[in-house]
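Student: Structure incoming, see below.
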Amino acid sequence: MTMEEAFEISNILRCASPVSRTEIASFAYMKRYEKGQHVFYDREDLTCFYILLEGMVSLYKLNTLGEKKVIFVYGPGNLLNEVLFEDIPASINCEVREDSSVLVLPKDRLWHVMARDGELTKAAFNSMAIRIRRLYRQMKNTTNALKGEKRLAAKLYMLARDYGKETERGISIEMQLSITYLSEMLGSKRETVSRQVKKLCDSGLILMEKNHFWIPNLENLSNYFKQP
């Protein structure tokens, strides 16, 4: 992958001016990560921004019992640690879910470019705004307003919207979703999520085969978790 291709993948860098792109290309570099590796850890002091170019990562927190709670699942184009704009340690863990490529940008040098490129800075703030909106949505879907299978249905619906692909079987969620991983997303016990998946499958709202999910009809799934 060339640096120009990396710029077009990034939701932020594609907005940089030609002059900014040239300067960024002089100090940015790409790094490969294998599945299971971490790009960074919670409370780690970071000196670089990371933008996902290929693959998929999870941003998660650990509770007091050491259990994972997945906050975000990100595909290519996303800035992974915008908290660095505040010049504080990382506030979340970033785990690679499949072999991935990441663009690494030294913080101080990127700041220097952004100080002279208003469109690039605006794009960075827009990225942060999108993440905040997603957090609001997740808070709504994890309250007591949604219980049991409806929380799972809402999560699968959003994953299908974000990572879905049309197939003969319906919308395919283009990522590996084990029961364990879903339980980490929902903050529920694995056994509970397994029962919920079976109920949604039995009702025909979802299809599952070897950690892969299909949604036959998105509207039906949406109506299910929105109904009183």
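Ordering of the structure tokens sets the chain letters (A, B, ...), residue numbers begin anew at 1 in every chain, and ligands are numbered from 1 in the order given.
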Just want the 8 Å neighbourhood of Val193 of chain A, counted on only C-alpha atoms, with same-chain residues fewer than 2 positions away dropped. Output as a list of chain:residue names.

Tutor: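 The contact residues come out as A:Leu152, A:Ile179, A:Leu182, A:Ser183, A:Ser188, A:Lys189, A:Arg190, A:Glu191, A:Arg195, A:Gln196, A:Val197.
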
Student: If we count only C-alpha atoms, what is near Leu105 of chain A at a cut-off of 9 Å, once residues fewer than 5 positions away on the same chain are taken out, given as a list in words?

Tutor: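 Listing them by chain and then by number gives Ile24, Phe27, Ala28, Tyr29, Met30, Thr47, Cys48, Phe49, Tyr50, Ile51 and Leu110 of chain A.
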
Student: When you draw a straight line from atom CA of Ile206 of chain A to atom CA of Phe225 of chain A, how long is it in Å?

Tutor: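 Answer for the atom CA of Ile206 of chain A to atom CA of Phe225 of chain A separation: 12.8 Å.
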
Student: Enumerate as a list in words all residues of segment 2-81 of chain A assigned to alpha helix (DSSP H) by DSSP on the backbone, naming them with the chain letters and numbers the document uses.

Tutor: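 Checking each residue of segment 2-81 of chain A, the alpha helix (DSSP H) ones are Met3, Glu4, Glu5, Ala6, Phe7, Glu8, Ile9, Pro18, Val19, Ser20, Arg21, Thr22, Glu23, Ile24 and Ala25 of chain A.
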
Student: Which of these, A:Gly77, A:Gly36, A:Gly204, A:Gly66, has the shortest distance to Glu5 of chain A once you count only C-alpha atoms?

Tutor: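 Checking each of A:Gly77, A:Gly36, A:Gly204, A:Gly66 against Glu5 of chain A, counting only C-alpha atoms, the winner is A:Gly77.
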
Student: Of the candidates A:Lys31, A:Lys199, A:Arg134, A:Arg14, which shows the shortest atom-to-atom distance to Gly148 of chain A, using only C-alpha atoms?

Tutor: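 When distances to Gly148 of chain A are compared using only C-alpha atoms, the smallest one comes from A:Lys199.
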
Student: What separation in Å, quoted to one decimal, exists between atom CA of Val102 of chain A and atom CA of Leu53 of chain A?

Tutor: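 For atom CA of Val102 of chain A relative to atom CA of Leu53 of chain A, the distance reads 5.4 Å.
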
Student: Can you tell me, as an mmCIF file with N, CA and C atoms, in the first residue's frame, what residues are no more than 8 Å from Asn11 of chain A when counting only C-alpha atoms, ignoring any on the same chain fewer than 2 positions away?

Tutor:
data_model
loop_
_atom_site.group_PDB
_atom_site.id
_atom_site.type_symbol
_atom_site.label_atom_id
_atom_site.label_comp_id
_atom_site.auth_asym_id
_atom_site.auth_seq_id
_atom_site.Cartn_x
_atom_site.Cartn_y
_atom_site.Cartn_z
ATOM 1 N N GLU A 8 -6.203 8.127 1.423
ATOM 2 C CA GLU A 8 -7.576 8.030 0.943
ATOM 3 C C GLU A 8 -8.416 7.112 1.829
ATOM 4 N N ILE A 9 -7.791 6.149 2.476
ATOM 5 C CA ILE A 9 -8.513 5.264 3.386
ATOM 6 C C ILE A 9 -8.886 5.995 4.672
ATOM 7 N N LEU A 13 -7.170 11.959 7.115
ATOM 8 C CA LEU A 13 -6.079 12.409 6.257
ATOM 9 C C LEU A 13 -6.509 12.687 4.825
ATOM 10 N N ARG A 14 -7.626 12.105 4.387
ATOM 11 C CA ARG A 14 -8.067 12.394 3.020
ATOM 12 C C ARG A 14 -8.477 13.862 2.870
ATOM 13 N N CYS A 15 -8.699 14.534 4.010
ATOM 14 C CA CYS A 15 -9.080 15.951 3.970
ATOM 15 C C CYS A 15 -7.867 16.880 4.014
ATOM 16 N N GLY A 77 -9.847 2.993 8.245
ATOM 17 C CA GLY A 77 -10.145 4.412 8.115
ATOM 18 C C GLY A 77 -10.223 5.166 9.417
ATOM 19 N N ASN A 78 -10.354 4.444 10.530
ATOM 20 C CA ASN A 78 -10.607 5.093 11.816
ATOM 21 C C ASN A 78 -9.343 5.456 12.577
ATOM 22 N N LEU A 79 -9.365 6.636 13.193
ATOM 23 C CA LEU A 79 -8.342 7.034 14.155
ATOM 24 C C LEU A 79 -8.614 6.289 15.452
ATOM 25 N N ALA A 123 -11.583 17.775 10.187
ATOM 26 C CA ALA A 123 -11.853 16.353 9.989
ATOM 27 C C ALA A 123 -11.569 15.560 11.259
ATOM 28 N N SER A 127 -14.325 13.359 13.413
ATOM 29 C CA SER A 127 -14.113 11.969 13.805
ATOM 30 C C SER A 127 -14.459 11.763 15.278
#

Student: Just list as a PyMOL selection string whatever in segment 18-82 of chain A DSSP marks as strand (DSSP E or B).

Tutor: chain A and resi 29-33+38-40+48-62+68-74+79

Student: Give me a file of those residues, with N, CA and C atoms, as a PDB file, in the first residue's frame.

Tutor:
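Output file out_39.pdb is given in full below:
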ATOM      1  N   TYR A  29       4.559   6.300   8.997  1.00  0.00           N
ATOM      2  CA  TYR A  29       4.991   4.976   8.549  1.00  0.00           C
ATOM      3  C   TYR A  29       3.925   3.942   8.890  1.00  0.00           C
ATOM      4  N   MET A  30       3.961   2.822   8.193  1.00  0.00           N
ATOM      5  CA  MET A  30       2.969   1.767   8.389  1.00  0.00           C
ATOM      6  C   MET A  30       3.557   0.635   9.223  1.00  0.00           C
ATOM      7  N   LYS A  31       2.686   0.021  10.021  1.00  0.00           N
ATOM      8  CA  LYS A  31       3.122  -1.071  10.892  1.00  0.00           C
ATOM      9  C   LYS A  31       2.082  -2.190  10.844  1.00  0.00           C
ATOM     10  N   ARG A  32       2.560  -3.425  10.782  1.00  0.00           N
ATOM     11  CA  ARG A  32       1.676  -4.582  10.737  1.00  0.00           C
ATOM     12  C   ARG A  32       1.479  -5.158  12.147  1.00  0.00           C
ATOM     13  N   TYR A  33       0.263  -5.624  12.394  1.00  0.00           N
ATOM     14  CA  TYR A  33      -0.061  -6.287  13.653  1.00  0.00           C
ATOM     15  C   TYR A  33      -0.778  -7.594  13.341  1.00  0.00           C
ATOM     16  N   HIS A  38      -1.764  -6.182  20.642  1.00  0.00           N
ATOM     17  CA  HIS A  38      -2.328  -4.901  21.051  1.00  0.00           C
ATOM     18  C   HIS A  38      -1.566  -3.761  20.378  1.00  0.00           C
ATOM     19  N   VAL A  39      -2.314  -2.790  19.898  1.00  0.00           N
ATOM     20  CA  VAL A  39      -1.688  -1.579  19.368  1.00  0.00           C
ATOM     21  C   VAL A  39      -1.248  -0.704  20.539  1.00  0.00           C
ATOM     22  N   PHE A  40      -2.092  -0.645  21.563  1.00  0.00           N
ATOM     23  CA  PHE A  40      -1.729   0.060  22.799  1.00  0.00           C
ATOM     24  C   PHE A  40      -2.617  -0.439  23.928  1.00  0.00           C
ATOM     25  N   CYS A  48       2.342   8.671  19.611  1.00  0.00           N
ATOM     26  CA  CYS A  48       1.926   8.625  18.212  1.00  0.00           C
ATOM     27  C   CYS A  48       0.414   8.422  18.102  1.00  0.00           C
ATOM     28  N   PHE A  49      -0.147   8.938  17.018  1.00  0.00           N
ATOM     29  CA  PHE A  49      -1.515   8.626  16.646  1.00  0.00           C
ATOM     30  C   PHE A  49      -1.496   7.374  15.775  1.00  0.00           C
ATOM     31  N   TYR A  50      -2.596   6.591  15.852  1.00  0.00           N
ATOM     32  CA  TYR A  50      -2.707   5.370  15.066  1.00  0.00           C
ATOM     33  C   TYR A  50      -3.994   5.405  14.241  1.00  0.00           C
ATOM     34  N   ILE A  51      -3.860   5.131  12.952  1.00  0.00           N
ATOM     35  CA  ILE A  51      -5.012   5.078  12.058  1.00  0.00           C
ATOM     36  C   ILE A  51      -5.045   3.696  11.415  1.00  0.00           C
ATOM     37  N   LEU A  52      -6.175   3.013  11.538  1.00  0.00           N
ATOM     38  CA  LEU A  52      -6.302   1.663  10.984  1.00  0.00           C
ATOM     39  C   LEU A  52      -6.484   1.736   9.463  1.00  0.00           C
ATOM     40  N   LEU A  53      -5.636   1.013   8.743  1.00  0.00           N
ATOM     41  CA  LEU A  53      -5.694   0.978   7.281  1.00  0.00           C
ATOM     42  C   LEU A  53      -6.308  -0.311   6.755  1.00  0.00           C
ATOM     43  N   GLU A  54      -5.993  -1.423   7.388  1.00  0.00           N
ATOM     44  CA  GLU A  54      -6.521  -2.725   6.988  1.00  0.00           C
ATOM     45  C   GLU A  54      -6.815  -3.538   8.237  1.00  0.00           C
ATOM     46  N   GLY A  55      -7.839  -4.396   8.163  1.00  0.00           N
ATOM     47  CA  GLY A  55      -8.137  -5.278   9.273  1.00  0.00           C
ATOM     48  C   GLY A  55      -9.236  -4.752  10.178  1.00  0.00           C
ATOM     49  N   MET A  56      -9.203  -5.182  11.431  1.00  0.00           N
ATOM     50  CA  MET A  56     -10.232  -4.810  12.398  1.00  0.00           C
ATOM     51  C   MET A  56      -9.654  -4.860  13.810  1.00  0.00           C
ATOM     52  N   VAL A  57     -10.076  -3.910  14.655  1.00  0.00           N
ATOM     53  CA  VAL A  57      -9.604  -3.855  16.036  1.00  0.00           C
ATOM     54  C   VAL A  57     -10.776  -3.667  16.981  1.00  0.00           C
ATOM     55  N   SER A  58     -10.554  -4.031  18.241  1.00  0.00           N
ATOM     56  CA  SER A  58     -11.513  -3.789  19.322  1.00  0.00           C
ATOM     57  C   SER A  58     -10.908  -2.797  20.301  1.00  0.00           C
ATOM     58  N   LEU A  59     -11.704  -1.846  20.722  1.00  0.00           N
ATOM     59  CA  LEU A  59     -11.329  -0.974  21.824  1.00  0.00           C
ATOM     60  C   LEU A  59     -12.140  -1.429  23.032  1.00  0.00           C
ATOM     61  N   TYR A  60     -11.452  -1.796  24.112  1.00  0.00           N
ATOM     62  CA  TYR A  60     -12.162  -2.369  25.252  1.00  0.00           C
ATOM     63  C   TYR A  60     -11.596  -1.877  26.572  1.00  0.00           C
ATOM     64  N   LYS A  61     -12.428  -2.004  27.614  1.00  0.00           N
ATOM     65  CA  LYS A  61     -12.023  -1.722  28.992  1.00  0.00           C
ATOM     66  C   LYS A  61     -12.138  -3.011  29.803  1.00  0.00           C
ATOM     67  N   LEU A  62     -11.395  -3.069  30.899  1.00  0.00           N
ATOM     68  CA  LEU A  62     -11.490  -4.184  31.844  1.00  0.00           C
ATOM     69  C   LEU A  62     -12.206  -3.712  33.105  1.00  0.00           C
ATOM     70  N   LYS A  68     -13.603  -8.281  30.069  1.00  0.00           N
ATOM     71  CA  LYS A  68     -13.594  -7.305  28.978  1.00  0.00           C
ATOM     72  C   LYS A  68     -14.986  -6.739  28.725  1.00  0.00           C
ATOM     73  N   LYS A  69     -15.019  -5.440  28.422  1.00  0.00           N
ATOM     74  CA  LYS A  69     -16.229  -4.803  27.885  1.00  0.00           C
ATOM     75  C   LYS A  69     -15.807  -4.069  26.624  1.00  0.00           C
ATOM     76  N   VAL A  70     -16.216  -4.608  25.480  1.00  0.00           N
ATOM     77  CA  VAL A  70     -15.857  -3.998  24.196  1.00  0.00           C
ATOM     78  C   VAL A  70     -16.691  -2.735  23.994  1.00  0.00           C
ATOM     79  N   ILE A  71     -16.013  -1.617  23.769  1.00  0.00           N
ATOM     80  CA  ILE A  71     -16.697  -0.338  23.560  1.00  0.00           C
ATOM     81  C   ILE A  71     -16.923  -0.072  22.081  1.00  0.00           C
ATOM     82  N   PHE A  72     -15.886  -0.298  21.273  1.00  0.00           N
ATOM     83  CA  PHE A  72     -15.981  -0.070  19.835  1.00  0.00           C
ATOM     84  C   PHE A  72     -15.343  -1.221  19.080  1.00  0.00           C
ATOM     85  N   VAL A  73     -15.865  -1.473  17.898  1.00  0.00           N
ATOM     86  CA  VAL A  73     -15.221  -2.344  16.921  1.00  0.00           C
ATOM     87  C   VAL A  73     -14.974  -1.483  15.695  1.00  0.00           C
ATOM     88  N   TYR A  74     -13.711  -1.396  15.269  1.00  0.00           N
ATOM     89  CA  TYR A  74     -13.369  -0.490  14.180  1.00  0.00           C
ATOM     90  C   TYR A  74     -12.768  -1.216  12.990  1.00  0.00           C
ATOM     91  N   LEU A  79      -9.365   6.636  13.193  1.00  0.00           N
ATOM     92  CA  LEU A  79      -8.342   7.034  14.155  1.00  0.00           C
ATOM     93  C   LEU A  79      -8.614   6.289  15.452  1.00  0.00           C
TER      94      LEU A  79
END

Student: From the set A:Thr64, A:Trp214, A:His112, A:Arg43, which residue has the shortest atom-to-atom contact distance to Asn93 of chain A, counting only C-alpha atoms?

Tutor: A:Arg43

Student: Grab the atom CA of Gly75 of chain A to atom CA of Asn217 of chain A distance for me, in Å with one decimal place.

Tutor: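 Taking atom CA of Gly75 of chain A and atom CA of Asn217 of chain A, their separation equals 23.3 Å.
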
Student: Which of these, A:Thr22, A:Gln227, A:Ser17, A:Gln176, has the shortest distance to Lys35 of chain A once you count only C-alpha atoms?

Tutor: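 The closest residue to Lys35 of chain A is A:Gln176.
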